[in-house]
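Presented below is the structure to which this report refers.
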There are 4 protein chains.
Amino acid sequence: MSFAIRSKPNTHRAVKKNVNAPLANRSETKVAVIGGSGYVGEELVRLLLQHPYADLAAVTSRQFAGKTLADIFPRLSHHQKAGDIRFGASNPAQLAQMAQVIFLALPHGFAAEFTKPLVQTGARIVDLSADFRIKDPKIYKEFYGNDHSAPDLLGEAVYGLPEIYRAEISHANLVACPGCYPTSILLPLLPLIREKVVSLASILVTSLSGVTGAGRKVETDYLFAECNESIRPYGVPKHRHLSEIEEQLSAFAGKKVTIQFTPHLVPVNRGIITTIYVDPSKEIDAGSIATIYQKAYGDEPFVRLLGAERFPDTKNVSGTNFIDIAWRLDLRTGRAILMSAIDNIVKGASGQAIQCFNLMRGYPETTGLQIP
Amino acid sequence: MSFAIRSKPNTHRAVKKNVNAPLANRSETKVAVIGGSGYVGEELVRLLLQHPYADLAAVTSRQFAGKTLADIFPRLSHHQKAGDIRFGASNPAQLAQMAQVIFLALPHGFAAEFTKPLVQTGARIVDLSADFRIKDPKIYKEFYGNDHSAPDLLGEAVYGLPEIYRAEISHANLVACPGCYPTSILLPLLPLIREKVVSLASILVTSLSGVTGAGRKVETDYLFAECNESIRPYGVPKHRHLSEIEEQLSAFAGKKVTIQFTPHLVPVNRGIITTIYVDPSKEIDAGSIATIYQKAYGDEPFVRLLGAERFPDTKNVSGTNFIDIAWRLDLRTGRAILMSAIDNIVKGASGQAIQCFNLMRGYPETTGLQIP
Amino acid sequence: MSFAIRSKPNTHRAVKKNVNAPLANRSETKVAVIGGSGYVGEELVRLLLQHPYADLAAVTSRQFAGKTLADIFPRLSHHQKAGDIRFGASNPAQLAQMAQVIFLALPHGFAAEFTKPLVQTGARIVDLSADFRIKDPKIYKEFYGNDHSAPDLLGEAVYGLPEIYRAEISHANLVACPGCYPTSILLPLLPLIREKVVSLASILVTSLSGVTGAGRKVETDYLFAECNESIRPYGVPKHRHLSEIEEQLSAFAGKKVTIQFTPHLVPVNRGIITTIYVDPSKEIDAGSIATIYQKAYGDEPFVRLLGAERFPDTKNVSGTNFIDIAWRLDLRTGRAILMSAIDNIVKGASGQAIQCFNLMRGYPETTGLQIP
Amino acid sequence: MSFAIRSKPNTHRAVKKNVNAPLANRSETKVAVIGGSGYVGEELVRLLLQHPYADLAAVTSRQFAGKTLADIFPRLSHHQKAGDIRFGASNPAQLAQMAQVIFLALPHGFAAEFTKPLVQTGARIVDLSADFRIKDPKIYKEFYGNDHSAPDLLGEAVYGLPEIYRAEISHANLVACPGCYPTSILLPLLPLIREKVVSLASILVTSLSGVTGAGRKVETDYLFAECNESIRPYGVPKHRHLSEIEEQLSAFAGKKVTIQFTPHLVPVNRGIITTIYVDPSKEIDAGSIATIYQKAYGDEPFVRLLGAERFPDTKNVSGTNFIDIAWRLDLRTGRAILMSAIDNIVKGASGQAIQCFNLMRGYPETTGLQIP
């Protein structure tokens, strides 16, 4: 069945903090970033510059070719390397010689083209685009509008959600980092689906995202005066991220899951709040939700369980790799409400990519992410 | 039955722009505002100062007693009256002598106390608090925690949603203006419920509100640095506004309706976006929703129907008395998604109060609200 | 001398609210807007649509040709005309046939080209660009980089600051509306210079502007995430607006004045705060400043004098045509500090243009500007 | 003379990165924070929790006594210690037993009371209030309104600006951390004054500050809706910080210096932009300013010299301990313009306190501050 991503996606509890991961290798890893000029790319560069075991060898950008990192990212200008490294061209063969792990921070559709030649060189890839998040090329085409340009690699790619696919990520050559909305939706939902306490037809999700979620797109819609003092829904009813969310949910449920999802744009730089409504499939109480989450995430370094009394707030996670999860049971309606907060650029993109990188290279999973 | 608010709430189409309203009386009306020191009170004072037929006679505030309006509201300081009028004490007998229509912009619980003596003087009241929005004192107690202090007036009060209760408001002596969330939720929902195209058990609402929605509360939670760069849900699962929302929905549906509602706080000064999910009770398409809205609101001066392709945005309604309504049918899930935008302080409070005032006094309904 | 703009710029007190203006003509005036797609153009269209005596006949925009005003400005979609009028091409001959007064809201450099043929048709022009603000074409070239394309019209143009040039504006065929910074700087400074209480070499100005001041420029620098949580100086030391500011100051002073000016970009949509430091040229006290301002602006409908104890705040003027002016004398340093607040889009651009239009057409000067 | 703070304040170049500091002691230091409930206190707690050599032993707060750090600072809730440590009472004797270095993050006026008994116990103090920043108790009284309660300690206190007083801080028992405005003003000015290239009577400063600069004050003025979409000057003409700024400038100049200073409040959470205007006292060019800064700060880990072409931007320093400094020479006016950006909570308060702490304890000066 198309929703059967892999036979045992939920084996991560056996992994227990990398015990099955490759032997710890604290030597440095040479890394490169392709397409490092957007918000995700900048944050990735920032995290790699301060990562104790990453040695940033190259950053590419068509737009900024020839400029130094410091020219474009004045925030990072104190780093020696930011003054030394110039944005270069994206020659796969060259990059593969310079770096053991290559991060792709390209727009959707562009990553697939680069990945094929890179994979052939033996480089390991962490792709932050949507290109390898979906297993089924038909779904890819349905949501992204074109045929996938490297469909043979889809089976090899591992969905880069460490809390769910830790073991697989450790050994993967091609990691497809989840989108920001999917991260904020899947982490609260998957444990409840795994425990079969959710009525699958009932899942309804509202998300609120900061403006960096749109990337550094130079379009009227994202100008300051268009976003400030503005709140707006968009992408209703069929946002592209539904493809990967539903594929993952279906894999866990063992059957096709279709959900409702409405994103909203909100005037903050960073952060996503996701509010999920589900009908319990059997009688549960807030305590049993707590137990399920404790079992799933009790040992996770980047999941903070807020419980049934506190609320998530993006300001508590911004600049960090945390996801904060809270929940309520509504006795009036019988529904469970799950709420999460992440920084869309960190846990929703670059931080999660570093978390995957750490797993792939056998470094402690939190290396370079101890913020604050 | 407790949800039968009045026999024919949906008779407003017969009213047709005030034709049954009291004969137009373009003489000035003396008005007073009790509790005019919050954001709602300030906007009310602003609107009354520029209203061609309102003669503001008094504004009361315990906190600012003795100061002029101009002292506290520098934005209004160019008005002659803002320099002349001083915040006074709230003596019902005195106020009733000074004003024909009295606006109450007091916190919930305080309005009921003032209303009783005022009503006895023959003054007509526009109350912006929650105190008279609910018909059933048991529901009041359930949601507000205390016994209602003037339960005998509950039956007399008219719910101040002009698009729904235009005729009743015209003749009312006590108008209870709806809350901001209820306005943004009821106006999109009621026509669909009236036409029986909505499965009543399925209604689920997410709202996003600007910070003035909390009033001018001097609390840590509403400090700039606590709200800026912050997004957060709150009031889950049983926000107080559910009481009036569900009572109105029940009255229209003819049976008890319970809904899901999650408000979120978002860093804008003004504005509410409400996104409503419903299961259609029979087969409908986007066109039939359009027809229903056109029938309900086609002639309404303050309802703008955006249709099935555009999205509401708070920046398009801020500072105005408009509600913008858009909708989608999701062919994947079968749900209808209704989206609305209002300015919480104008259409969600003070502007709507002026709209009611115009109806009560036979002025053209848009008088003093032609902004922009 | 080049700084002698006109022999008696300060004759406006004799004008006394339009007594010398053309006989009041309350018939409607047909108007057109060329280049109406930016923030200034949108606000101008909004003000003209609600102006009781303006009949908007055409709006042009290359970018949006064929679209209706309502398509591009959803905020205005309730206006009948916003649905009817489509952005057209800018054919001077056609426009001159359609409109008696034509507003130019074009980027600097483009307005001059359109003005020449329009003036020849007999249309009266209100230009919101910088093209006709400067008398001396050499200064124009120094600050704008190219030769002026219609230098012969420079002498005819009247600087559209009604508080200073009311009589001249009334009779002008070509009004050059001041920039936003110049408005916020000249109105506080000119009365003190006229009264010769300022040491001319000492003038130093800091301004803080909201982001709409940059126009609707689709550039990375003005993206939400680049401006939000950002404060930055720019345009130091020779901002283009210095040209018109210094020319006006010089005209009043009777000799060449050079000032220091630093603008800063601040994350608000609208508003400018200007703080001006001057050395008094003779002994003055706060009271004598008050007297000078009272004499200059005591009867002005759009100038609010805050005195020596209150502070201006952009939130008190946003959406209005007011300028708020406050001042202090620093006994420690001997300097006077002048502070002003305006809405850069209204008093700094479109509102001031309407004020000029009212003067030109003999309408009461505040017509269509009574907000709030 | 009262402005002679110490004979050789500018000896820091000899210190050369702690070479004269106490022998490096990488054992942990027990620390406590008194008054840790404001924004500065929270940031200090955050920095101490992640400091590799600091062992946070106690945090006091009257307001939150009994609550855990995690209760009040949910952002820090993942730290083991944040769950363990409860806000306690401020008993000097007890605290002195628990901690070797005690940070005071109390409002002005309160710190002095605590300091006296603490100093007697032998604890070393880092005070973040204004209480010990001024040498002359008469100036203290002039600006703060009351007699100093521990005037005998004023002589002992070292002004905690490491770039200027590095050697003195290393050996100090009582460090008075500079205010946020003074940090942003003194660091750009002092090297130019030291090199005698500034006309002392000409110094004029405009600063723009984010709202956390006011602390976590629960006052109407700092509510979200009062600050958002608001820009305003305040504290003109005699802000309290002038006392320490002028005392420091005078010490460097060798004679009394009086400056002009205007702070403005701007709607960002964090950050100060300071723009300084000075008349050169002799002929200089941009290159000679660069040389002076290079000599003063070329080796400083937290000073980034942007030069004569780039502009500082608060978003490039927020969350960091950097000060970015840029400059221009205005050939038209002859003035030099110095511009700086800092995070008011980090380099303007808590980060600078950690920097001092590192010096006092012989740790590398950047320890725990390597962000990003």
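Naming works like this for the structure tokens: A, B, ... for the chains as they're shown, residue 1 at the start of each chain, ligands 1 onward in shown order.
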Any idea which chain D residues end up within 9 Å of chain C if we count only C-alpha atoms, as a ChimeraX atom specification please? /D:201,204,206,208-210,226-234,236-238,258-260,262,266-273,275,277,311-316,318,328-333,335,337,339,341
Please dump the current selection as a CSV table (one decimal), in the first residue's frame; keep N, CA and C atoms.
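Below is the file that was written, result.csv:
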chain,number,residue,atom,x,y,z
D,201,ALA,N,32.4,70.4,23.7
D,201,ALA,CA,31.1,71.1,23.9
D,201,ALA,C,30.1,70.6,22.8
D,204,LEU,N,26.5,65.5,20.9
D,204,LEU,CA,25.1,65.4,20.9
D,204,LEU,C,24.7,63.9,20.5
D,206,THR,N,21.6,60.9,20.0
D,206,THR,CA,20.2,60.4,19.9
D,206,THR,C,20.3,58.9,20.0
D,208,LEU,N,17.9,55.2,20.3
D,208,LEU,CA,16.6,54.5,20.0
D,208,LEU,C,16.6,53.2,20.7
D,209,SER,N,15.7,53.0,21.6
D,209,SER,CA,15.8,51.8,22.4
D,209,SER,C,14.5,50.9,22.3
D,210,GLY,N,14.7,49.6,22.3
D,210,GLY,CA,13.6,48.6,22.4
D,210,GLY,C,13.0,48.7,23.8
D,226,GLU,N,0.2,50.0,23.5
D,226,GLU,CA,0.7,51.4,23.7
D,226,GLU,C,2.1,51.6,23.0
D,227,CYS,N,2.8,50.5,22.8
D,227,CYS,CA,4.2,50.6,22.2
D,227,CYS,C,4.2,50.2,20.8
D,228,ASN,N,3.4,49.2,20.4
D,228,ASN,CA,3.3,48.8,19.0
D,228,ASN,C,2.8,49.9,18.1
D,229,GLU,N,3.3,50.1,17.0
D,229,GLU,CA,3.0,51.2,16.1
D,229,GLU,C,3.1,52.5,16.8
D,230,SER,N,4.1,52.6,17.7
D,230,SER,CA,4.3,53.9,18.4
D,230,SER,C,5.8,54.2,18.3
D,231,ILE,N,6.2,55.4,18.0
D,231,ILE,CA,7.6,55.9,18.2
D,231,ILE,C,7.5,57.2,19.1
D,232,ARG,N,8.3,57.3,20.1
D,232,ARG,CA,8.2,58.5,20.9
D,232,ARG,C,9.5,58.8,21.6
D,233,PRO,N,9.9,60.1,21.6
D,233,PRO,CA,11.0,60.5,22.5
D,233,PRO,C,10.5,60.5,23.9
D,234,TYR,N,11.4,60.5,24.9
D,234,TYR,CA,11.1,60.6,26.3
D,234,TYR,C,12.3,61.1,27.0
D,236,VAL,N,13.5,63.8,28.0
D,236,VAL,CA,14.2,65.0,27.5
D,236,VAL,C,13.9,66.1,28.5
D,237,PRO,N,14.9,66.8,28.9
D,237,PRO,CA,16.3,66.8,28.4
D,237,PRO,C,17.2,66.2,29.4
D,238,LYS,N,16.8,65.6,30.5
D,238,LYS,CA,17.8,65.2,31.5
D,238,LYS,C,17.6,63.8,32.0
D,258,THR,N,29.6,68.2,29.2
D,258,THR,CA,28.2,68.1,29.3
D,258,THR,C,27.7,67.8,27.9
D,259,ILE,N,26.8,66.8,27.8
D,259,ILE,CA,26.3,66.5,26.4
D,259,ILE,C,24.8,66.6,26.3
D,260,GLN,N,24.4,66.6,25.1
D,260,GLN,CA,22.9,66.5,24.8
D,260,GLN,C,22.6,65.1,24.5
D,262,THR,N,19.1,62.5,23.8
D,262,THR,CA,17.6,62.2,23.7
D,262,THR,C,17.3,60.7,23.4
D,266,VAL,N,11.1,52.6,20.8
D,266,VAL,CA,10.8,52.1,19.5
D,266,VAL,C,10.3,50.6,19.7
D,267,PRO,N,9.3,50.2,18.9
D,267,PRO,CA,8.7,48.9,19.1
D,267,PRO,C,9.5,47.7,18.7
D,268,VAL,N,10.6,47.4,19.3
D,268,VAL,CA,11.3,46.2,19.2
D,268,VAL,C,11.5,45.7,20.6
D,269,ASN,N,11.7,44.4,20.8
D,269,ASN,CA,11.9,43.9,22.1
D,269,ASN,C,13.3,44.3,22.6
D,270,ARG,N,14.3,44.2,21.8
D,270,ARG,CA,15.7,44.4,22.2
D,270,ARG,C,16.4,45.2,21.2
D,271,GLY,N,17.4,46.0,21.7
D,271,GLY,CA,18.3,46.7,20.9
D,271,GLY,C,18.3,48.2,21.1
D,272,ILE,N,19.5,48.7,21.0
D,272,ILE,CA,19.7,50.2,21.0
D,272,ILE,C,20.5,50.6,19.8
D,273,ILE,N,20.0,51.6,19.1
D,273,ILE,CA,20.8,52.3,18.1
D,273,ILE,C,21.2,53.6,18.7
D,275,THR,N,23.1,57.2,17.8
D,275,THR,CA,23.8,58.1,16.8
D,275,THR,C,24.3,59.3,17.5
D,277,TYR,N,26.7,62.8,17.3
D,277,TYR,CA,27.3,63.8,16.4
D,277,TYR,C,28.4,64.6,17.2
D,311,PHE,N,26.2,50.2,7.9
D,311,PHE,CA,25.4,50.8,9.0
D,311,PHE,C,25.1,49.7,10.0
D,312,PRO,N,25.1,50.1,11.3
D,312,PRO,CA,24.7,49.2,12.3
D,312,PRO,C,23.2,48.9,12.2
D,313,ASP,N,22.8,47.7,12.7
D,313,ASP,CA,21.4,47.3,12.7
D,313,ASP,C,21.2,46.4,13.9
D,314,THR,N,20.2,46.8,14.7
D,314,THR,CA,20.0,46.0,16.0
D,314,THR,C,19.8,44.5,15.7
D,315,LYS,N,19.3,44.2,14.5
D,315,LYS,CA,19.0,42.7,14.3
D,315,LYS,C,20.3,41.9,14.2
D,316,ASN,N,21.4,42.6,13.9
D,316,ASN,CA,22.7,41.9,13.8
D,316,ASN,C,23.4,41.7,15.1
D,318,SER,N,21.3,41.4,18.2
D,318,SER,CA,20.3,41.0,19.2
D,318,SER,C,20.6,39.6,19.6
D,328,ARG,N,30.9,58.1,10.0
D,328,ARG,CA,30.9,58.9,8.8
D,328,ARG,C,31.5,60.2,9.1
D,329,LEU,N,32.1,60.8,8.1
D,329,LEU,CA,32.5,62.3,8.2
D,329,LEU,C,31.6,63.0,7.2
D,330,ASP,N,30.9,64.0,7.7
D,330,ASP,CA,30.0,64.7,6.8
D,330,ASP,C,30.8,66.0,6.3
D,331,LEU,N,31.1,65.9,5.0
D,331,LEU,CA,32.0,67.0,4.4
D,331,LEU,C,31.2,68.3,4.3
D,332,ARG,N,29.9,68.2,4.3
D,332,ARG,CA,29.1,69.4,4.2
D,332,ARG,C,29.1,70.2,5.5
D,333,THR,N,29.0,69.4,6.6
D,333,THR,CA,28.8,70.1,7.9
D,333,THR,C,30.1,70.1,8.7
D,335,ARG,N,30.9,67.7,10.6
D,335,ARG,CA,30.8,66.8,11.8
D,335,ARG,C,31.1,65.4,11.5
D,337,ILE,N,29.9,61.6,12.5
D,337,ILE,CA,28.7,60.9,13.0
D,337,ILE,C,29.1,59.4,13.4
D,339,MET,N,27.9,55.8,15.0
D,339,MET,CA,26.7,55.0,15.2
D,339,MET,C,27.0,53.7,15.8
D,341,ALA,N,25.3,49.9,17.6
D,341,ALA,CA,24.2,49.0,17.9
D,341,ALA,C,24.6,48.0,19.0
Every residue of region 41-154 of chain C that DSSP places in alpha helix (DSSP H), as a count of residues only: 44
Proximity to Gln94 (chain B) - best of B:Pro151, B:Pro117, B:Gly319, B:Gly109, only C-alpha atoms: B:Pro117
As a check of understanding: the span from CA of Val278 (chain B) to CA of Ile203 (chain B) is 4.9 Å
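The protein and nucleic acid residues lying at most 10 Å from Ala65 (chain C) are Val59, Arg86, Phe87, Gly88, Ala89 and Ser90 of chain C, with only C-alpha atoms considered and sequence neighbours fewer than 6 positions away removed.
Once Ser149 (chain C) and its same-chain neighbours fewer than 5 positions away are set aside, C:His108, C:Gly109, C:Phe110, C:Ala111, C:Ala112, C:Glu113, C:Phe114, C:Thr115, C:Lys116, C:Asp131, C:Phe132, C:Pro137, C:Tyr140, C:Lys141, C:Tyr144, C:Leu154 remain within 12 Å of it when counting only C-alpha atoms.
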From the list B:Val257, B:Ala349, B:Ile245, B:Leu189, the nearest residue to Ile292 (chain B) using only C-alpha atoms is B:Leu189
May I have the residues within 10 Å of Pro107 (chain B) as an MDAnalysis selection string, using only C-alpha atoms and disregarding those fewer than 6 positions away in the same chain? chainID B and resid 35 38 128:131 215
